[in-house]
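Below is one structure, written out as structure tokens; comments come after it.
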Amino acid sequence: MISEAIKNILSQKLEGLGIKVLPKEISLERPANRDHGDWSSNVALVTAKEAGRDARGLAQEIVDFINENLPYGVEEVSSAGPGFINFRTSRALAYEVLLKVLTSKENSYGSSQLGEGRSVNVEFVSANPTGPLHAGHARGACYGDSVGNLLSYVGYDVHREFYMNDRGLQMNVFGRSLEARKNNEPVPDDGYGGDYVSDWANQMPDGLALEEIIDWGCDYAKRDQQETLSQMGVEFDTWFSEKSMIESGGIEKILTSLEEQGVSYKRDGATWLASEKFGDDKDRVLIKSDGEFTYLTPDIAYHKHKFERSDWLINVWGADHHGYIARMKAAMQALGFDPEELTVQVTQLVKLLRGGQEVKLSKRQGDIIELRSIIEEIGADSTRFMYLLQSVDSKQTFDLELAASQAMDNPVYYVQMAHARLCSIERNANEKGFEFKPLPVDELDVLVHPREIEIIRGLEILPETIELAARELAPHKIVTWVRDFSNAIHGFHHDCYVVGDGVRKELTNARLNLVVASRIGLKVGLDLLGVTAPDKM
RNA sequence: GCGCUCGUGGCUCAAUUGGAUAGAGCAUCUGACUUCGGAUCAGAGGGUUGGGGGUUCGAGUCCCUCCGAGCGCGCCA
């Protein structure tokens with residue numbers, strides 16, 4: 001890796017100067033401004049003070065040294081600004097990138113072993129089995145699945161899990177609601193009032209007892225949710241049942257365990273978790289004075305269960321659950337697990353517009369917009385892309401009309417079109433008798449057009465983009481890359497004909513290499529997002 | 001009141017986690033089609049990064065403070 005070579009020579013010179021900098025402290029980054037080269041280091045700036053030197057002078061001295069010992073692939077080194085050291089890499093290096101993409105196995109360019117095979121459990125959606133999935137579940141579904149893709153691509157052993165709260169008060173209310181609608185009675189005051197309750201109740205067999213109704217409803221809800229997720233390509237490895245965990249004695253085990261650790265105690269007729277000691281605001285009740293446990297207790301048991309199966313846990317929670325993070329981490333710490341290995345990603349709310357107007361919730365339907373109807377309206381690809389467009393840290397707003405439109409202002413179409421175009425160019429080349437074969441580096445050096453260079457640059461930064469997105473659990477960084485890269489492709493398509501009267505054979509073959517490599521790269525990005533890469537549209 | 005997450009052109013959002021001149025898309029205006037899909041491309045205008053203070057070579061990013069938004073704050077789930 002060129003970046004390693006640069007780091008090595010930097011640290012070599014710094015050591016020679018008696019400046020102590022650990023290798024990991026040598027930062028090398030991609031300058032935002034292309035005029036500053038391909039790589040840039042701030043080591044001179046960072047170390048100048050301690051070394052009692054001025055940064056510019058130090059940078060220049062390092063530059064002079066490197067100029068006498070240029071590593072392979074580095075064409076130019078210079079100092080700039082307040083003391084940056086900028087590196088420009090050679091064309092040949094760029095062509096090697098192209099070759100690497102072309103010779104990579106299917107769906108492997110940019111993959112890595114960053115995760116070293118560590119097992120990670122990604123739990124997301126986890127909607128109550130009391131109704132269909134709605135708009136509020138969509139962001140977590142798209143996000144969690146894409147995070148799973150990313151982590152898997154960088155070498156983690158990923159397990160996707162859906163936690164079903166299939167017992168407790170809300171299931172009872174749900175059962176009674178179904179029962180009432182079955183009998184054409186109004187649902188109880190605190191019941192589920194959505195239209196779907198009647199629809200479902202009508203499909204329910206006659207003569208079921210409440211317990212059976214609950215089981216039937218739960219099962220129906222699960223299949224309904226599963227089907228909706230499947231429409232978006234989201235599949236879980238495990239649908240974990242709270243009920244079965246409790247029936248197998250999970251609660252007793254956790255209570256015993258907490259007691260043995262000395263982190264629970266009795267007070268006012270209740271059993272408490274001493275969570276304040278572990279960073280929570282206050283202690284929490286595990287067993288109420290009426291003998292029932294709170295909903296925290298099974299959740300603790302569940303997380304313990306997950307920890308016993310995985311090295312690292314990721315929970316994707318809605319913003320309304322963020323207050324719950326501290327106590328869950330505290331509980332895990334109390335049990336002796338490392339709270340750092342429990343990552344909770346909170347997704348902020350999404351506001352939906354249609355034609356610029358906020359989509360109003362309908363009371364009649366029970367205050368929900370079904371996810372299924374969103375997918376039907378804008379399509380699965382659009383749904384995934386739109387929900388992944390932005391960082392889940394911030395609130396999001398998007399317009400369903402825009403997301404459904406097959407127009408240039410719809411980013412999904414823009415990106416998919418880029419892929420379709422690449423395929424189209426390949427088809428055209430084939431029809432004209434050109435056969436793609438990977439060319440050696442010295443035959444690729446006809447690729448010098450700024451559009452071509454831009455594309456190669458895009459492919460070059462894909463692996464580091466993937467790594468960053470995985471490290472930060474931030475699929476929107478892939479979206480940004482995919483959009484930028486598509487922009488480069490459209491530009492190339494516009495300015496650089498691959499096959500045509502005025503294009504000589506050597507250039508056609510080289511550009512065909514570029515086209516195929518781009519298609520591979522773009523598909524890697526889209527796959528990570530769970531968005532299809534169509535051959536034609 | 002306390003806590004968490006935020007606040008970036010008219011709108012929707014980025015910004016390599018402290019880097020160099022804050023970038024894209026939409027919208028607006030102006031240009032570009034005999035070829036592989038114009039569903040495209042190029043250019044222009046538009047910013048005191050909510051306000052103020054601080055830290056340092058350097059702040060949208062870190063600290064303090066104020067303003068504003070969303071969400072939490074139960075022996076509910």
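Letters A, B, ... go to the chains of the structure tokens in the order shown; residues in each chain start at 1; ligands are counted from 1 in the same order.
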Stretch 327-422 of chain A: residues DSSP assigns to strand (DSSP E or B), reported as a ChimeraX atom specification: /A:342-347,350-354,357-358,370,396-399
Could you save those same residues with N, CA and C atoms as a PDB file, in the first residue's frame?
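Here's the written file again35.pdb:
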ATOM      1  N   LEU A 342     -21.236  -2.948  23.762  1.00  0.00           N
ATOM      2  CA  LEU A 342     -22.648  -2.743  23.429  1.00  0.00           C
ATOM      3  C   LEU A 342     -22.770  -1.366  22.791  1.00  0.00           C
ATOM      4  N   THR A 343     -22.997  -1.354  21.507  1.00  0.00           N
ATOM      5  CA  THR A 343     -23.129  -0.087  20.796  1.00  0.00           C
ATOM      6  C   THR A 343     -24.597   0.147  20.494  1.00  0.00           C
ATOM      7  N   VAL A 344     -25.113   1.261  20.953  1.00  0.00           N
ATOM      8  CA  VAL A 344     -26.499   1.574  20.654  1.00  0.00           C
ATOM      9  C   VAL A 344     -26.544   2.727  19.656  1.00  0.00           C
ATOM     10  N   GLN A 345     -27.073   2.465  18.513  1.00  0.00           N
ATOM     11  CA  GLN A 345     -27.219   3.504  17.488  1.00  0.00           C
ATOM     12  C   GLN A 345     -28.657   3.988  17.497  1.00  0.00           C
ATOM     13  N   VAL A 346     -28.803   5.268  17.705  1.00  0.00           N
ATOM     14  CA  VAL A 346     -30.133   5.849  17.764  1.00  0.00           C
ATOM     15  C   VAL A 346     -30.474   6.492  16.429  1.00  0.00           C
ATOM     16  N   THR A 347     -31.637   6.175  15.919  1.00  0.00           N
ATOM     17  CA  THR A 347     -32.049   6.814  14.664  1.00  0.00           C
ATOM     18  C   THR A 347     -33.073   7.906  14.960  1.00  0.00           C
ATOM     19  N   VAL A 350     -37.981  10.620  11.026  1.00  0.00           N
ATOM     20  CA  VAL A 350     -38.061  10.981   9.613  1.00  0.00           C
ATOM     21  C   VAL A 350     -39.427  11.602   9.358  1.00  0.00           C
ATOM     22  N   LYS A 351     -39.393  12.775   8.758  1.00  0.00           N
ATOM     23  CA  LYS A 351     -40.654  13.425   8.396  1.00  0.00           C
ATOM     24  C   LYS A 351     -40.892  13.191   6.908  1.00  0.00           C
ATOM     25  N   LEU A 352     -42.078  12.707   6.590  1.00  0.00           N
ATOM     26  CA  LEU A 352     -42.401  12.418   5.193  1.00  0.00           C
ATOM     27  C   LEU A 352     -43.246  13.526   4.593  1.00  0.00           C
ATOM     28  N   LEU A 353     -42.870  13.909   3.380  1.00  0.00           N
ATOM     29  CA  LEU A 353     -43.664  14.886   2.640  1.00  0.00           C
ATOM     30  C   LEU A 353     -44.205  14.208   1.385  1.00  0.00           C
ATOM     31  N   ARG A 354     -45.264  14.769   0.870  1.00  0.00           N
ATOM     32  CA  ARG A 354     -45.729  14.351  -0.446  1.00  0.00           C
ATOM     33  C   ARG A 354     -46.091  15.631  -1.183  1.00  0.00           C
ATOM     34  N   GLN A 357     -46.025  18.784   0.974  1.00  0.00           N
ATOM     35  CA  GLN A 357     -46.902  18.820   2.147  1.00  0.00           C
ATOM     36  C   GLN A 357     -46.572  17.658   3.077  1.00  0.00           C
ATOM     37  N   GLU A 358     -46.583  17.942   4.357  1.00  0.00           N
ATOM     38  CA  GLU A 358     -46.321  16.875   5.300  1.00  0.00           C
ATOM     39  C   GLU A 358     -47.415  15.817   5.199  1.00  0.00           C
ATOM     40  N   GLU A 370     -48.294   2.726   6.763  1.00  0.00           N
ATOM     41  CA  GLU A 370     -47.658   1.418   6.681  1.00  0.00           C
ATOM     42  C   GLU A 370     -46.423   1.457   5.788  1.00  0.00           C
ATOM     43  N   GLN A 396     -34.524  13.637   9.564  1.00  0.00           N
ATOM     44  CA  GLN A 396     -34.539  13.569   8.109  1.00  0.00           C
ATOM     45  C   GLN A 396     -35.908  13.953   7.579  1.00  0.00           C
ATOM     46  N   THR A 397     -35.903  14.562   6.430  1.00  0.00           N
ATOM     47  CA  THR A 397     -37.148  14.891   5.751  1.00  0.00           C
ATOM     48  C   THR A 397     -37.006  14.466   4.311  1.00  0.00           C
ATOM     49  N   PHE A 398     -37.943  13.714   3.802  1.00  0.00           N
ATOM     50  CA  PHE A 398     -37.906  13.504   2.357  1.00  0.00           C
ATOM     51  C   PHE A 398     -39.298  13.404   1.762  1.00  0.00           C
ATOM     52  N   ASP A 399     -39.323  13.665   0.473  1.00  0.00           N
ATOM     53  CA  ASP A 399     -40.583  13.790  -0.231  1.00  0.00           C
ATOM     54  C   ASP A 399     -40.875  12.516  -1.019  1.00  0.00           C
TER      55      ASP A 399
END
Which residues of chain A are close to chain B, meaning at most 6 Å apart when you count only C-alpha atoms (C1' of nucleotides), and how do they look as a list in words?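 For chain A, the answer reads Lys288, Ala319, Asp320, Gly323, Ala407, Met408, Ile425 and Asn428 of chain A.
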Store the residues picked out above, limited to C-alpha atoms, as a compact mmCIF listing (two decimals), in the first residue's frame.
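Output file selection.txt follows:
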# COMPACT_ATOMS: atom_id res chain seq x y z
CA LYS A 288 -42.24 -4.65 41.26
CA ALA A 319 -34.90 8.24 19.24
CA ASP A 320 -37.64 7.69 21.82
CA GLY A 323 -33.03 7.42 27.61
CA ALA A 407 -36.58 12.01 -13.05
CA MET A 408 -33.14 13.45 -12.81
CA ILE A 425 -21.75 0.76 -23.16
CA ASN A 428 -22.63 -1.68 -27.45
When you look at A:Val147 with a cut-off of 8 Å (counting only C-alpha atoms (C1' of nucleotides)), what residues show up, excluding the ones that are within fewer than 2 positions of it in the same chain? I need them as a PDB file with N, CA, C and O atoms, in the first residue's frame.
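Result file is part.pdb:
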ATOM      1  N   TYR A 143     -31.239   0.993   7.757  1.00  0.00           N
ATOM      2  CA  TYR A 143     -29.945   1.265   8.368  1.00  0.00           C
ATOM      3  C   TYR A 143     -29.303  -0.009   8.921  1.00  0.00           C
ATOM      4  O   TYR A 143     -28.150  -0.322   8.622  1.00  0.00           O
ATOM      5  N   GLY A 144     -30.048  -0.738   9.714  1.00  0.00           N
ATOM      6  CA  GLY A 144     -29.504  -1.938  10.346  1.00  0.00           C
ATOM      7  C   GLY A 144     -29.016  -2.947   9.319  1.00  0.00           C
ATOM      8  O   GLY A 144     -27.950  -3.544   9.456  1.00  0.00           O
ATOM      9  N   ASP A 145     -29.800  -3.115   8.266  1.00  0.00           N
ATOM     10  CA  ASP A 145     -29.422  -4.093   7.252  1.00  0.00           C
ATOM     11  C   ASP A 145     -28.146  -3.661   6.530  1.00  0.00           C
ATOM     12  O   ASP A 145     -27.257  -4.471   6.282  1.00  0.00           O
ATOM     13  N   ASN A 149     -24.430  -5.328   6.189  1.00  0.00           N
ATOM     14  CA  ASN A 149     -23.684  -5.536   4.943  1.00  0.00           C
ATOM     15  C   ASN A 149     -22.257  -5.010   5.066  1.00  0.00           C
ATOM     16  O   ASN A 149     -21.297  -5.671   4.668  1.00  0.00           O
ATOM     17  N   LEU A 150     -22.139  -3.803   5.594  1.00  0.00           N
ATOM     18  CA  LEU A 150     -20.831  -3.174   5.722  1.00  0.00           C
ATOM     19  C   LEU A 150     -19.897  -3.987   6.603  1.00  0.00           C
ATOM     20  O   LEU A 150     -18.750  -4.259   6.247  1.00  0.00           O
ATOM     21  N   LEU A 151     -20.407  -4.363   7.764  1.00  0.00           N
ATOM     22  CA  LEU A 151     -19.563  -5.086   8.716  1.00  0.00           C
ATOM     23  C   LEU A 151     -19.164  -6.443   8.154  1.00  0.00           C
ATOM     24  O   LEU A 151     -18.043  -6.907   8.351  1.00  0.00           O
ATOM     25  N   ALA A 470     -17.810   1.550   7.696  1.00  0.00           N
ATOM     26  CA  ALA A 470     -17.984   0.414   8.601  1.00  0.00           C
ATOM     27  C   ALA A 470     -17.571   0.798  10.023  1.00  0.00           C
ATOM     28  O   ALA A 470     -18.275   0.508  10.986  1.00  0.00           O
ATOM     29  N   LEU A 473     -20.190   2.958  11.408  1.00  0.00           N
ATOM     30  CA  LEU A 473     -21.554   2.463  11.238  1.00  0.00           C
ATOM     31  C   LEU A 473     -22.369   3.508  10.488  1.00  0.00           C
ATOM     32  O   LEU A 473     -23.465   3.887  10.913  1.00  0.00           O
ATOM     33  N   ALA A 474     -21.808   3.974   9.405  1.00  0.00           N
ATOM     34  CA  ALA A 474     -22.396   5.098   8.689  1.00  0.00           C
ATOM     35  C   ALA A 474     -22.573   4.801   7.203  1.00  0.00           C
ATOM     36  O   ALA A 474     -21.791   5.257   6.371  1.00  0.00           O
ATOM     37  N   PRO A 475     -23.642   4.049   6.867  1.00  0.00           N
ATOM     38  CA  PRO A 475     -23.868   3.724   5.462  1.00  0.00           C
ATOM     39  C   PRO A 475     -24.066   4.949   4.580  1.00  0.00           C
ATOM     40  O   PRO A 475     -23.873   4.870   3.372  1.00  0.00           O
TER      41      PRO A 475
END
For A:Ala469, the nearest of the candidates A:Ser275, A:Ser394, A:Thr508, A:Ser146, counting only C-alpha atoms: A:Ser146
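What separates atom CA of A:Gly52 from atom CA of A:Asn33 is a distance of 29.4 Å.
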